[in-house]
file structure.cif (mmCIF, C-alpha atoms)
data_upload
loop_
_atom_site.label_atom_id
_atom_site.label_comp_id
_atom_site.auth_asym_id
_atom_site.auth_seq_id
_atom_site.Cartn_x
_atom_site.Cartn_y
_atom_site.Cartn_z
CA MET F 22 -9.82 13.50 59.25
CA THR F 23 -7.77 16.25 57.60
CA GLY F 24 -6.89 15.47 54.00
CA ALA F 25 -9.11 12.38 53.93
CA THR F 26 -10.90 11.55 50.72
CA PRO F 27 -14.64 12.21 50.86
CA PRO F 28 -16.66 9.00 51.01
CA ASN F 29 -18.36 9.70 47.69
CA GLU F 30 -15.07 9.65 45.78
CA PRO F 31 -14.39 6.65 43.49
CA VAL F 32 -12.89 3.60 45.13
CA GLY F 33 -9.83 3.85 42.89
CA SER F 34 -9.02 7.34 44.18
CA ARG F 35 -9.27 6.22 47.81
CA PHE F 36 -7.06 3.22 47.15
CA ARG F 37 -4.38 5.33 45.44
CA GLU F 38 -4.36 7.73 48.40
CA PHE F 39 -4.07 4.80 50.82
CA GLN F 40 -1.19 3.36 48.82
CA THR F 41 0.58 6.74 48.75
CA ARG F 42 0.41 7.01 52.57
CA LEU F 43 1.80 3.49 52.97
CA ASP F 44 4.68 4.26 50.59
CA ARG F 45 5.54 7.40 52.53
CA ARG F 46 5.58 5.49 55.84
CA GLY F 47 7.75 2.79 54.31
CA ARG F 48 10.28 5.31 53.04
CA GLY F 49 10.33 6.96 56.47
CA ARG F 50 11.03 3.65 58.22
CA GLY F 51 13.73 2.86 55.67
CA ARG F 52 15.55 6.10 56.45
CA GLU F 53 15.23 5.61 60.22
CA GLY F 54 15.93 1.89 60.58
CA GLY F 55 17.58 0.95 57.32
CA GLY F 56 14.78 -1.42 56.31
CA GLY F 57 11.17 -1.50 55.37
CA ARG F 58 8.78 -2.64 52.77
CA GLY F 59 8.22 0.58 50.84
CA ARG F 60 8.83 1.24 47.19
CA GLY F 61 12.45 1.24 46.13
CA ASP F 62 13.88 -0.60 49.17
CA GLY F 63 13.51 -4.16 47.91
CA GLY F 64 10.32 -4.76 49.92
CA GLU F 65 6.86 -5.70 48.72
CA GLN F 66 5.11 -3.15 46.53
CA LEU F 67 1.38 -2.64 46.77
CA THR F 68 0.12 -2.37 43.21
CA VAL F 69 -2.89 -3.44 41.23
CA PRO F 70 -1.88 -6.33 38.94
CA PRO F 71 -1.95 -5.48 35.24
CA ALA F 72 -5.31 -6.14 33.66
CA ASP F 73 -5.59 -8.91 31.15
CA PHE F 74 -8.41 -9.76 28.78
CA SER F 75 -9.27 -13.25 29.90
CA SER F 76 -12.85 -14.08 30.76
CA TYR F 77 -14.63 -16.44 33.09
CA TYR F 78 -13.37 -20.00 32.63
CA GLY F 79 -11.35 -18.86 29.61
CA ARG F 80 -14.45 -18.34 27.49
CA PRO F 81 -14.73 -15.49 24.95
CA VAL F 82 -16.78 -12.43 25.81
CA LEU F 83 -18.80 -12.95 22.63
CA LYS F 84 -20.07 -16.21 21.26
CA PRO F 85 -18.18 -16.80 18.00
CA PRO F 86 -20.31 -16.92 14.83
CA VAL F 87 -21.91 -20.30 14.30
CA TRP F 88 -21.60 -19.88 10.54
CA LYS F 89 -19.40 -22.44 8.84
CA TYR F 90 -17.23 -21.78 5.81
CA ASP F 91 -20.30 -22.43 3.68
CA ILE F 92 -21.18 -18.80 4.42
CA ALA F 93 -17.78 -17.61 3.24
CA GLY F 94 -18.44 -19.43 -0.02
CA TYR F 95 -21.91 -17.92 -0.09
CA LEU F 96 -20.40 -14.45 0.19
CA PHE F 97 -18.15 -15.17 -2.78
CA THR F 98 -20.66 -16.85 -5.10
CA GLY F 99 -23.37 -14.30 -4.35
CA GLY F 100 -21.04 -11.49 -5.39
CA LEU F 101 -20.02 -13.43 -8.49
CA ALA F 102 -23.68 -13.81 -9.47
CA ALA F 103 -24.37 -10.10 -9.02
CA GLY F 104 -21.36 -9.10 -11.08
CA GLY F 105 -22.31 -11.55 -13.82
CA ALA F 106 -25.80 -10.06 -14.09
CA LEU F 107 -24.37 -6.55 -14.45
CA ILE F 108 -21.94 -7.66 -17.13
CA GLY F 109 -24.68 -9.54 -18.99
CA ALA F 110 -26.93 -6.49 -19.00
CA GLY F 111 -24.11 -4.21 -20.12
CA ALA F 112 -23.19 -6.57 -22.94
CA GLN F 113 -26.85 -6.77 -23.98
CA LEU F 114 -27.10 -2.99 -24.23
CA THR F 115 -23.81 -2.62 -26.13
CA GLY F 116 -24.34 -5.45 -28.64
CA ARG F 117 -21.85 -8.06 -27.40
CA PRO F 118 -23.76 -11.35 -27.61
CA GLU F 119 -20.97 -13.71 -26.55
CA LEU F 120 -20.12 -11.62 -23.51
CA ARG F 121 -23.85 -11.35 -22.71
CA THR F 122 -24.11 -15.13 -22.70
CA VAL F 123 -21.10 -15.48 -20.39
CA GLY F 124 -22.49 -12.88 -18.00
CA ARG F 125 -25.94 -14.47 -17.83
CA TRP F 126 -24.63 -17.98 -17.21
CA THR F 127 -22.20 -16.64 -14.62
CA ALA F 128 -25.12 -15.03 -12.82
CA LEU F 129 -27.16 -18.23 -12.87
CA GLY F 130 -24.25 -20.43 -11.79
CA GLY F 131 -23.35 -18.06 -8.97
CA VAL F 132 -26.88 -17.77 -7.60
CA VAL F 133 -27.42 -21.55 -7.72
CA ALA F 134 -24.16 -22.13 -5.87
CA SER F 135 -24.87 -19.43 -3.28
CA THR F 136 -28.39 -20.75 -2.66
CA TYR F 137 -27.05 -24.26 -2.15
CA LEU F 138 -24.36 -23.05 0.27
CA LEU F 139 -26.88 -21.01 2.25
CA ILE F 140 -29.32 -23.91 2.54
CA HIS F 141 -26.49 -26.29 3.44
CA ASP F 142 -25.45 -23.98 6.27
CA LEU F 143 -29.05 -23.69 7.48
CA GLY F 144 -29.18 -27.48 7.68
CA ARG F 145 -32.62 -28.03 6.11
CA PRO F 146 -34.05 -26.68 2.83
CA ASP F 147 -37.35 -25.76 4.47
CA ARG F 148 -35.59 -23.20 6.66
CA PHE F 149 -34.89 -21.08 3.59
CA HIS F 150 -38.58 -21.32 2.72
CA HIS F 151 -39.54 -20.31 6.27
CA MET F 152 -37.40 -17.17 5.96
CA LEU F 153 -39.66 -16.02 3.12
CA ARG F 154 -42.71 -16.01 5.39
CA VAL F 155 -41.65 -12.66 6.82
CA ALA F 156 -40.39 -9.48 5.14
CA LYS F 157 -38.60 -7.35 7.73
CA LEU F 158 -36.87 -4.27 6.35
CA THR F 159 -34.82 -3.79 9.53
CA SER F 160 -33.26 -7.26 9.18
CA PRO F 161 -30.44 -7.60 6.61
CA MET F 162 -30.95 -11.37 6.65
CA SER F 163 -34.63 -11.04 5.76
CA VAL F 164 -33.97 -8.43 3.07
CA GLY F 165 -31.14 -10.52 1.65
CA THR F 166 -33.32 -13.61 1.46
CA TRP F 167 -35.90 -11.73 -0.56
CA ILE F 168 -33.21 -10.23 -2.82
CA LEU F 169 -31.87 -13.72 -3.49
CA ALA F 170 -35.37 -15.07 -4.11
CA ALA F 171 -36.09 -12.28 -6.63
CA PHE F 172 -32.71 -12.41 -8.36
CA GLY F 173 -32.58 -16.18 -8.86
CA PRO F 174 -35.62 -16.64 -11.16
CA LEU F 175 -34.71 -13.56 -13.19
CA ALA F 176 -31.15 -14.79 -13.71
CA GLY F 177 -32.50 -18.23 -14.59
CA VAL F 178 -34.90 -16.92 -17.25
CA ALA F 179 -32.19 -14.72 -18.79
CA ALA F 180 -29.71 -17.60 -18.96
CA VAL F 181 -32.19 -20.15 -20.36
CA ALA F 182 -33.15 -17.66 -23.07
CA GLU F 183 -29.62 -18.06 -24.44
CA LEU F 184 -30.64 -21.58 -25.53
CA ALA F 185 -33.52 -20.34 -27.69
CA HIS F 186 -31.58 -20.65 -30.94
CA ARG F 187 -31.30 -24.40 -30.36
CA LEU F 188 -35.09 -24.85 -30.58
CA PRO F 189 -36.78 -25.86 -33.86
CA PRO F 190 -38.20 -22.94 -35.87
CA HIS F 191 -41.74 -24.32 -36.23
CA GLY F 192 -44.60 -25.30 -33.96
CA VAL F 193 -44.92 -24.59 -30.26
CA LEU F 194 -41.17 -24.75 -29.78
CA GLY F 195 -40.79 -22.30 -32.63
CA LEU F 196 -43.04 -19.87 -30.79
CA ALA F 197 -40.91 -20.31 -27.68
CA ARG F 198 -37.84 -19.67 -29.83
CA ARG F 199 -39.25 -16.32 -30.93
CA LEU F 200 -40.50 -15.26 -27.50
CA ALA F 201 -37.47 -16.29 -25.46
CA PRO F 202 -35.03 -13.55 -26.56
CA PRO F 203 -37.21 -10.53 -25.61
CA VAL F 204 -38.30 -12.22 -22.38
CA GLY F 205 -34.68 -13.03 -21.60
CA ASN F 206 -33.63 -9.45 -22.30
CA ALA F 207 -36.25 -8.10 -19.91
CA ALA F 208 -35.30 -10.63 -17.24
CA GLY F 209 -31.60 -9.84 -17.68
CA LEU F 210 -32.16 -6.13 -17.17
CA ALA F 211 -34.37 -6.78 -14.14
CA ALA F 212 -31.70 -9.04 -12.62
CA ALA F 213 -29.15 -6.29 -13.15
CA VAL F 214 -31.36 -3.87 -11.22
CA THR F 215 -31.30 -6.15 -8.17
CA ALA F 216 -27.62 -7.07 -8.59
CA PRO F 217 -26.08 -4.13 -6.66
CA ALA F 218 -28.20 -5.00 -3.64
CA LEU F 219 -27.15 -8.66 -3.88
CA ALA F 220 -23.49 -7.70 -4.13
CA THR F 221 -23.47 -5.40 -1.09
CA TYR F 222 -26.15 -6.61 1.32
CA THR F 223 -23.83 -9.31 2.69
CA GLY F 224 -21.48 -6.56 3.88
CA VAL F 225 -24.39 -4.95 5.71
CA LEU F 226 -25.36 -8.37 7.09
CA LEU F 227 -21.91 -8.91 8.64
CA ALA F 228 -21.74 -5.37 9.99
CA ASP F 229 -25.12 -5.80 11.66
CA THR F 230 -23.68 -8.44 14.02
CA ALA F 231 -21.87 -7.80 17.32
CA VAL F 232 -18.61 -9.24 15.96
CA PRO F 233 -16.10 -6.39 16.49
CA SER F 234 -14.12 -6.52 13.22
CA TRP F 235 -17.33 -6.77 11.21
CA HIS F 236 -19.44 -4.33 13.17
CA GLU F 237 -16.87 -1.52 13.17
CA ALA F 238 -16.29 -1.98 9.44
CA TYR F 239 -19.87 -1.06 8.49
CA PRO F 240 -18.81 1.95 6.34
CA SER F 241 -16.32 -0.13 4.34
CA LEU F 242 -17.56 -3.70 3.92
CA PRO F 243 -20.25 -2.92 1.29
CA PHE F 244 -17.64 -1.19 -0.88
CA VAL F 245 -15.13 -4.01 -0.43
CA PHE F 246 -17.77 -6.56 -1.39
CA ALA F 247 -18.96 -4.50 -4.37
CA GLY F 248 -15.44 -4.24 -5.77
CA SER F 249 -14.82 -7.91 -5.08
CA ALA F 250 -18.02 -8.90 -6.93
CA LEU F 251 -17.11 -6.90 -10.02
CA ALA F 252 -13.55 -8.25 -10.01
CA ALA F 253 -14.73 -11.87 -9.84
CA ALA F 254 -17.29 -11.48 -12.63
CA SER F 255 -14.80 -9.59 -14.79
CA GLY F 256 -12.36 -12.46 -14.28
CA VAL F 257 -14.88 -15.05 -15.48
CA GLY F 258 -15.64 -12.88 -18.51
CA LEU F 259 -11.95 -12.56 -19.38
CA ILE F 260 -11.62 -16.34 -19.19
CA ALA F 261 -14.70 -17.30 -21.20
CA ALA F 262 -15.56 -14.46 -23.58
CA PRO F 263 -13.82 -13.74 -26.90
CA ALA F 264 -11.00 -11.22 -26.67
CA THR F 265 -12.76 -8.95 -29.17
CA GLN F 266 -15.57 -8.33 -26.67
CA THR F 267 -13.66 -8.01 -23.38
CA ALA F 268 -12.58 -4.35 -23.62
CA PRO F 269 -15.28 -3.25 -21.13
CA LEU F 270 -14.15 -5.93 -18.69
CA ARG F 271 -10.65 -4.46 -18.47
CA ARG F 272 -12.07 -1.07 -17.56
CA LEU F 273 -14.49 -2.72 -15.13
CA ALA F 274 -11.64 -4.59 -13.44
CA LEU F 275 -9.78 -1.32 -12.97
CA ALA F 276 -12.85 0.33 -11.44
CA ALA F 277 -13.41 -2.70 -9.19
CA ALA F 278 -9.83 -2.54 -7.97
CA ALA F 279 -10.16 1.16 -7.14
CA VAL F 280 -13.36 0.58 -5.13
CA GLU F 281 -12.01 -2.44 -3.29
CA PHE F 282 -8.64 -0.85 -2.50
CA ALA F 283 -10.37 2.23 -1.09
CA GLY F 284 -12.60 0.11 1.14
CA GLY F 285 -9.75 -2.19 2.16
CA HIS F 286 -7.58 0.76 3.14
CA ARG F 287 -10.28 1.90 5.56
CA LEU F 288 -10.42 -1.57 7.10
CA GLU F 289 -6.75 -1.33 8.03
CA ARG F 290 -7.22 2.10 9.62
CA MET F 291 -9.82 0.97 12.16
CA GLY F 292 -7.28 0.68 14.97
CA LEU F 293 -7.36 -2.31 17.28
CA VAL F 294 -10.39 -4.02 15.72
CA GLY F 295 -8.68 -3.75 12.34
CA GLU F 296 -5.81 -6.00 13.45
CA PRO F 297 -7.41 -9.25 12.22
CA TYR F 298 -7.38 -7.79 8.70
CA THR F 299 -3.60 -7.43 8.84
CA ARG F 300 -2.38 -10.25 11.12
CA GLY F 301 -2.59 -14.00 11.31
CA ARG F 302 -4.32 -16.25 8.83
CA SER F 303 -7.11 -13.77 8.14
CA GLY F 304 -4.59 -11.01 7.50
CA ARG F 305 -2.67 -13.20 5.07
CA LEU F 306 -5.85 -13.96 3.15
CA VAL F 307 -6.83 -10.29 2.93
CA LYS F 308 -3.32 -9.30 1.83
CA ALA F 309 -3.27 -12.10 -0.73
CA GLY F 310 -6.57 -10.83 -2.10
CA ARG F 311 -5.16 -7.33 -2.52
CA VAL F 312 -1.96 -8.55 -4.18
CA LEU F 313 -3.85 -10.83 -6.54
CA LEU F 314 -6.26 -8.02 -7.37
CA ALA F 315 -3.39 -5.69 -8.28
CA VAL F 316 -1.65 -8.37 -10.37
CA GLY F 317 -4.85 -9.47 -12.09
CA THR F 318 -5.89 -5.92 -12.94
CA ALA F 319 -2.47 -5.05 -14.33
CA ALA F 320 -2.43 -8.24 -16.43
CA ALA F 321 -5.94 -7.55 -17.70
CA LEU F 322 -4.98 -4.07 -18.88
CA VAL F 323 -2.16 -5.42 -21.05
CA SER F 324 -3.98 -8.51 -22.32
CA ARG F 325 -5.72 -6.89 -25.28
CA ARG F 326 -4.18 -9.14 -27.93
CA SER F 327 -3.29 -12.17 -25.83
CA ARG F 328 -6.05 -14.68 -25.22
CA PHE F 329 -3.80 -16.63 -22.87
CA LEU F 330 -2.88 -13.58 -20.78
CA ALA F 331 -6.55 -12.59 -20.58
CA ALA F 332 -7.46 -16.02 -19.22
CA VAL F 333 -4.63 -15.91 -16.67
CA SER F 334 -5.58 -12.43 -15.50
CA GLY F 335 -9.20 -13.55 -15.20
CA ALA F 336 -8.24 -16.53 -13.03
CA VAL F 337 -6.16 -14.27 -10.80
CA LEU F 338 -9.06 -11.84 -10.39
CA VAL F 339 -11.42 -14.66 -9.39
CA ALA F 340 -8.86 -15.93 -6.87
CA SER F 341 -8.44 -12.43 -5.44
CA SER F 342 -12.17 -12.14 -4.82
CA ALA F 343 -12.31 -15.52 -3.09
CA ALA F 344 -9.31 -14.67 -0.89
CA THR F 345 -10.86 -11.36 0.14
CA ARG F 346 -14.22 -12.88 1.08
CA PHE F 347 -12.68 -15.73 3.07
CA GLY F 348 -10.24 -13.31 4.73
CA VAL F 349 -13.01 -10.99 5.88
CA PHE F 350 -15.00 -13.96 7.14
CA GLU F 351 -12.02 -15.32 9.09
CA ALA F 352 -11.19 -11.88 10.53
CA GLY F 353 -14.62 -11.69 12.11
CA LYS F 354 -14.23 -15.09 13.73
CA VAL F 355 -10.83 -14.10 15.13
CA SER F 356 -12.16 -10.88 16.65
CA ALA F 357 -15.05 -12.72 18.30
CA ARG F 358 -12.73 -15.24 19.96
CA ASP F 359 -10.31 -12.71 21.49
CA PRO F 360 -11.84 -10.69 24.37
CA LYS F 361 -9.58 -7.67 23.82
CA TYR F 362 -11.36 -6.71 20.61
CA THR F 363 -14.56 -6.36 22.61
CA VAL F 364 -13.27 -5.03 25.94
CA VAL F 365 -10.76 -2.40 24.86
CA PRO F 366 -13.05 -0.49 22.44
CA GLN F 367 -15.79 -0.51 25.08
CA ARG F 368 -13.44 0.98 27.67
CA GLU F 369 -12.26 3.59 25.20
CA ARG F 370 -15.83 4.62 24.46
CA LEU F 371 -16.59 4.84 28.18
CA ASP F 372 -13.51 7.01 28.74
CA GLU F 373 -14.51 9.29 25.87
CA THR F 374 -18.03 9.59 27.27
CA SER F 375 -16.71 10.40 30.75
CA THR F 376 -14.32 13.02 29.35
CA THR F 377 -17.09 14.62 27.31
CA ARG F 378 -19.37 14.87 30.33
CA LEU F 379 -16.64 16.47 32.40
#
call {"tool": "encode", "arguments": {"input": "structure.cif", "output": "structure tokens"}}
result
Amino acid sequence: MTGATPPNEPVGSRFREFQTRLDRRGRGRGREGGGGRGRGDGGEQLTVPPADFSSYYGRPVLKPPVWKYDIAGYLFTGGLAAGGALIGAGAQLTGRPELRTVGRWTALGGVVASTYLLIHDLGRPDRFHHMLRVAKLTSPMSVGTWILAAFGPLAGVAAVAELAHRLPPHGVLGLARRLAPPVGNAAGLAAAVTAPALATYTGVLLADTAVPSWHEAYPSLPFVFAGSALAAASGVGLIAAPATQTAPLRRLALAAAAVEFAGGHRLERMGLVGEPYTRGRSGRLVKAGRVLLAVGTAAALVSRRSRFLAAVSGAVLVASSAATRFGVFEAGKVSARDPKYTVVPQRERLDETSTTRL
């Protein structure tokens, strides 16, 4: 047939040609007989209904994460522990004993809380032990488990060493009193070495999933989590340490804000899959985290002589870190529930691939 579409053409092209011929016939009948069912004459129009993003039986395309909010708390406390270890080591090297003590106990408290939350989410304590049977470098979960297992004892030894001065000076306990400080210093520095990995591996862990808003944020989440960890630990230091030793914390809070703002800005520029970071409950949490971070950092910078203002700025920084972690966690759950965050990027990638091949 002259003008017919070859049989190997896509079905969509053949359908559009068929629809065009029907529309032409309808317009011809409308001019001849004053009626018809073609386009523009009030008759029925043959069109493909607009595509929606529902799935079979209304179920999501992806299975939403089974993690409960224990994991959101784990993300926060793990970062707090890492930041505390870094602050403790920095205070140790610069001769700030009170700040060193605060940093070490922050690290221990954070790692204990994060371990509890992780085990509680797993359901049984022995599951955490079972995860240590294998060391798999390609699995962020396996690597993170080993990082946590190495960091915890080191942070514990460094923190317990702060109690050495309470021991009697003679006998076996006196020997422990003399040995504890150097052992604690070595453990504190070793914990600080593993702290950056503890602060950022959770970002890699989330990005390694198929959840759209986490997976596409793989270049940014480690930086967001690193800044959040430093902000939280700086906040605890501003609350608990003497004002005469908190000058480094103010500079650290400023650096943390710069890192987190840079990473957060990239989250918002991810296009469609970045929507959960700016809309709904998750978006409100992320925005609250950014506002609190800006307010807390500004207050910390002007709190040099005010113990009260330092404590308030520290509390705001801790709250900003918690809001950010819970916001990121909630954003991932939102993107897994809505099929459009999975379907639309896939179609865009297919279109780009087809265009490149042509």
call {"tool": "closest_residue", "arguments": {"input": "structure.cif", "among": "F:Ala228, F:Ala103, F:Pro269, F:Ala207", "to": "F:Ile168", "atoms": "all atoms listed in the file"}}
result
F:Ala103
call {"tool": "residues_around", "arguments": {"input": "structure.cif", "residues": "stretch 129-133 of chain F", "least_positions_apart": "2", "cutoff": "12 Å", "atoms": "only C-alpha atoms", "output": "VMD selection string"}}
result
chain F and resid 94 to 106 109 122 to 127 135 to 140 166 168 to 183 208 to 209 212 216 219 to 220 250 253 to 254 257
call {"tool": "write_last_selection", "arguments": {"input": "structure.cif", "atoms": "C-alpha atoms", "output": "mmCIF file, in the coordinates of the input"}}
result
data_model
loop_
_atom_site.group_PDB
_atom_site.id
_atom_site.type_symbol
_atom_site.label_atom_id
_atom_site.label_comp_id
_atom_site.auth_asym_id
_atom_site.auth_seq_id
_atom_site.Cartn_x
_atom_site.Cartn_y
_atom_site.Cartn_z
ATOM 1 C CA GLY F 94 -18.440 -19.430 -0.020
ATOM 2 C CA TYR F 95 -21.910 -17.920 -0.090
ATOM 3 C CA LEU F 96 -20.400 -14.450 0.190
ATOM 4 C CA PHE F 97 -18.150 -15.170 -2.780
ATOM 5 C CA THR F 98 -20.660 -16.850 -5.100
ATOM 6 C CA GLY F 99 -23.370 -14.300 -4.350
ATOM 7 C CA GLY F 100 -21.040 -11.490 -5.390
ATOM 8 C CA LEU F 101 -20.020 -13.430 -8.490
ATOM 9 C CA ALA F 102 -23.680 -13.810 -9.470
ATOM 10 C CA ALA F 103 -24.370 -10.100 -9.020
ATOM 11 C CA GLY F 104 -21.360 -9.100 -11.080
ATOM 12 C CA GLY F 105 -22.310 -11.550 -13.820
ATOM 13 C CA ALA F 106 -25.800 -10.060 -14.090
ATOM 14 C CA GLY F 109 -24.680 -9.540 -18.990
ATOM 15 C CA THR F 122 -24.110 -15.130 -22.700
ATOM 16 C CA VAL F 123 -21.100 -15.480 -20.390
ATOM 17 C CA GLY F 124 -22.490 -12.880 -18.000
ATOM 18 C CA ARG F 125 -25.940 -14.470 -17.830
ATOM 19 C CA TRP F 126 -24.630 -17.980 -17.210
ATOM 20 C CA THR F 127 -22.200 -16.640 -14.620
ATOM 21 C CA SER F 135 -24.870 -19.430 -3.280
ATOM 22 C CA THR F 136 -28.390 -20.750 -2.660
ATOM 23 C CA TYR F 137 -27.050 -24.260 -2.150
ATOM 24 C CA LEU F 138 -24.360 -23.050 0.270
ATOM 25 C CA LEU F 139 -26.880 -21.010 2.250
ATOM 26 C CA ILE F 140 -29.320 -23.910 2.540
ATOM 27 C CA THR F 166 -33.320 -13.610 1.460
ATOM 28 C CA ILE F 168 -33.210 -10.230 -2.820
ATOM 29 C CA LEU F 169 -31.870 -13.720 -3.490
ATOM 30 C CA ALA F 170 -35.370 -15.070 -4.110
ATOM 31 C CA ALA F 171 -36.090 -12.280 -6.630
ATOM 32 C CA PHE F 172 -32.710 -12.410 -8.360
ATOM 33 C CA GLY F 173 -32.580 -16.180 -8.860
ATOM 34 C CA PRO F 174 -35.620 -16.640 -11.160
ATOM 35 C CA LEU F 175 -34.710 -13.560 -13.190
ATOM 36 C CA ALA F 176 -31.150 -14.790 -13.710
ATOM 37 C CA GLY F 177 -32.500 -18.230 -14.590
ATOM 38 C CA VAL F 178 -34.900 -16.920 -17.250
ATOM 39 C CA ALA F 179 -32.190 -14.720 -18.790
ATOM 40 C CA ALA F 180 -29.710 -17.600 -18.960
ATOM 41 C CA VAL F 181 -32.190 -20.150 -20.360
ATOM 42 C CA ALA F 182 -33.150 -17.660 -23.070
ATOM 43 C CA GLU F 183 -29.620 -18.060 -24.440
ATOM 44 C CA ALA F 208 -35.300 -10.630 -17.240
ATOM 45 C CA GLY F 209 -31.600 -9.840 -17.680
ATOM 46 C CA ALA F 212 -31.700 -9.040 -12.620
ATOM 47 C CA ALA F 216 -27.620 -7.070 -8.590
ATOM 48 C CA LEU F 219 -27.150 -8.660 -3.880
ATOM 49 C CA ALA F 220 -23.490 -7.700 -4.130
ATOM 50 C CA ALA F 250 -18.020 -8.900 -6.930
ATOM 51 C CA ALA F 253 -14.730 -11.870 -9.840
ATOM 52 C CA ALA F 254 -17.290 -11.480 -12.630
ATOM 53 C CA VAL F 257 -14.880 -15.050 -15.480
#
call {"tool": "residues_around", "arguments": {"input": "structure.cif", "residues": "F:Ala321", "least_positions_apart": "5", "cutoff": "6 Å", "atoms": "all atoms listed in the file", "output": "PyMOL selection string"}}
result
chain F and resi 271+331+334
call {"tool": "atom_distance", "arguments": {"input": "structure.cif", "atom1": "atom CA of F:Val337", "atom2": "atom CA of F:Leu288"}}
result
22.4 Å
call {"tool": "resolve_selection", "arguments": {"input": "structure.cif", "expression": "the PyMOL selection byres ((chain F and resi 342) around 10)", "output": "number ranges by chain"}}
result
F: 96-98, 100-101, 245-246, 248-254, 256, 281, 307, 309-311, 313-314, 337-341, 343-348
call {"tool": "residues_around", "arguments": {"input": "structure.cif", "residues": "F:His286", "least_positions_apart": "2", "cutoff": "12 Å", "atoms": "all atoms listed in the file", "output": "MDAnalysis selection string"}}
result
chainID F and resid 238 240:242 244:245 278:284 288:292 295 298:299 307:308 311
call {"tool": "resolve_selection", "arguments": {"input": "structure.cif", "expression": "the PyMOL selection byres ((chain F and resi 329) around 12)", "output": "number ranges by chain"}}
result
F: 259-264, 320-321, 323-328, 330-336
call {"tool": "atom_distance", "arguments": {"input": "structure.cif", "atom1": "atom CA of F:Ser303", "atom2": "atom CA of F:Phe350"}}
result
8.0 Å
call {"tool": "residues_around", "arguments": {"input": "structure.cif", "residues": "F:Leu226", "least_positions_apart": "3", "cutoff": "8 Å", "atoms": "only C-alpha atoms", "output": "list in words"}}
result
Pro161, Met162, Tyr222, Thr223, Asp229 and Thr230 of chain F
call {"tool": "residues_near_point", "arguments": {"input": "structure.cif", "point": "(-19.8, -19.3, 15.4)", "cutoff": "6 Å", "atoms": "all atoms listed in the file", "output": "list in words"}}
result
Pro85, Pro86, Val87 and Trp88 of chain F
call {"tool": "closest_residue", "arguments": {"input": "structure.cif", "among": "F:Val312, F:Ala274, F:Leu306, F:Ala110", "to": "F:Ala211", "atoms": "all atoms listed in the file"}}
result
F:Ala110
call {"tool": "closest_residue", "arguments": {"input": "structure.cif", "among": "F:Val232, F:Val316, F:Val225, F:Ala268", "to": "F:Thr115", "atoms": "all atoms listed in the file"}}
result
F:Ala268
call {"tool": "closest_residue", "arguments": {"input": "structure.cif", "among": "F:Arg121, F:Lys84, F:His186, F:Lys89", "to": "F:Gln266", "atoms": "all atoms listed in the file"}}
result
F:Arg121
call {"tool": "atom_distance", "arguments": {"input": "structure.cif", "atom1": "atom CA of F:Lys354", "atom2": "atom CA of F:Leu158"}}
result
26.2 Å
call {"tool": "closest_residue", "arguments": {"input": "structure.cif", "among": "F:Val349, F:Met152, F:Leu120, F:Leu293", "to": "F:Lys361", "atoms": "all atoms listed in the file"}}
result
F:Leu293
call {"tool": "closest_residue", "arguments": {"input": "structure.cif", "among": "F:Pro118, F:Gly301, F:Gly195, F:Gly353", "to": "F:Gly224", "atoms": "all atoms listed in the file"}}
result
F:Gly353
call {"tool": "resolve_selection", "arguments": {"input": "structure.cif", "expression": "the PyMOL selection byres ((chain F and resi 198) around 9)", "output": "PyMOL selection string"}}
result
chain F and resi 182+184-191+193-197+199-202
call {"tool": "residues_around", "arguments": {"input": "structure.cif", "residues": "F:Pro297", "least_positions_apart": "3", "cutoff": "6 Å", "atoms": "only C-alpha atoms", "output": "list in words"}}
result
Arg300, Gly304 and Ala352 of chain F
call {"tool": "write_last_selection", "arguments": {"input": "structure.cif", "atoms": "C-alpha atoms", "output": "mmCIF file, in the frame of the given file"}}
result
data_model
loop_
_atom_site.group_PDB
_atom_site.id
_atom_site.type_symbol
_atom_site.label_atom_id
_atom_site.label_comp_id
_atom_site.auth_asym_id
_atom_site.auth_seq_id
_atom_site.Cartn_x
_atom_site.Cartn_y
_atom_site.Cartn_z
ATOM 1 C CA ARG F 300 -2.380 -10.250 11.120
ATOM 2 C CA GLY F 304 -4.590 -11.010 7.500
ATOM 3 C CA ALA F 352 -11.190 -11.880 10.530
#
call {"tool": "build_atoms", "arguments": {"input": "structure.cif", "residues": "stretch 214-218 of chain F", "atoms": "N, CA, C and O atoms", "output": "mmCIF file, in the coordinates of the input"}}
result
data_model
loop_
_atom_site.group_PDB
_atom_site.id
_atom_site.type_symbol
_atom_site.label_atom_id
_atom_site.label_comp_id
_atom_site.auth_asym_id
_atom_site.auth_seq_id
_atom_site.Cartn_x
_atom_site.Cartn_y
_atom_site.Cartn_z
ATOM 1 N N VAL F 214 -30.862 -4.880 -12.155
ATOM 2 C CA VAL F 214 -31.360 -3.870 -11.220
ATOM 3 C C VAL F 214 -31.189 -4.336 -9.774
ATOM 4 O O VAL F 214 -30.849 -3.547 -8.891
ATOM 5 N N THR F 215 -31.431 -5.617 -9.531
ATOM 6 C CA THR F 215 -31.300 -6.150 -8.170
ATOM 7 C C THR F 215 -29.866 -6.544 -7.831
ATOM 8 O O THR F 215 -29.561 -6.803 -6.663
ATOM 9 N N ALA F 216 -28.986 -6.596 -8.820
ATOM 10 C CA ALA F 216 -27.620 -7.070 -8.590
ATOM 11 C C ALA F 216 -26.827 -6.228 -7.599
ATOM 12 O O ALA F 216 -26.119 -6.792 -6.748
ATOM 13 N N PRO F 217 -26.855 -4.889 -7.650
ATOM 14 C CA PRO F 217 -26.080 -4.130 -6.660
ATOM 15 C C PRO F 217 -26.474 -4.448 -5.226
ATOM 16 O O PRO F 217 -25.611 -4.520 -4.341
ATOM 17 N N ALA F 218 -27.767 -4.650 -4.982
ATOM 18 C CA ALA F 218 -28.200 -5.000 -3.640
ATOM 19 C C ALA F 218 -27.669 -6.370 -3.234
ATOM 20 O O ALA F 218 -27.252 -6.592 -2.088
#
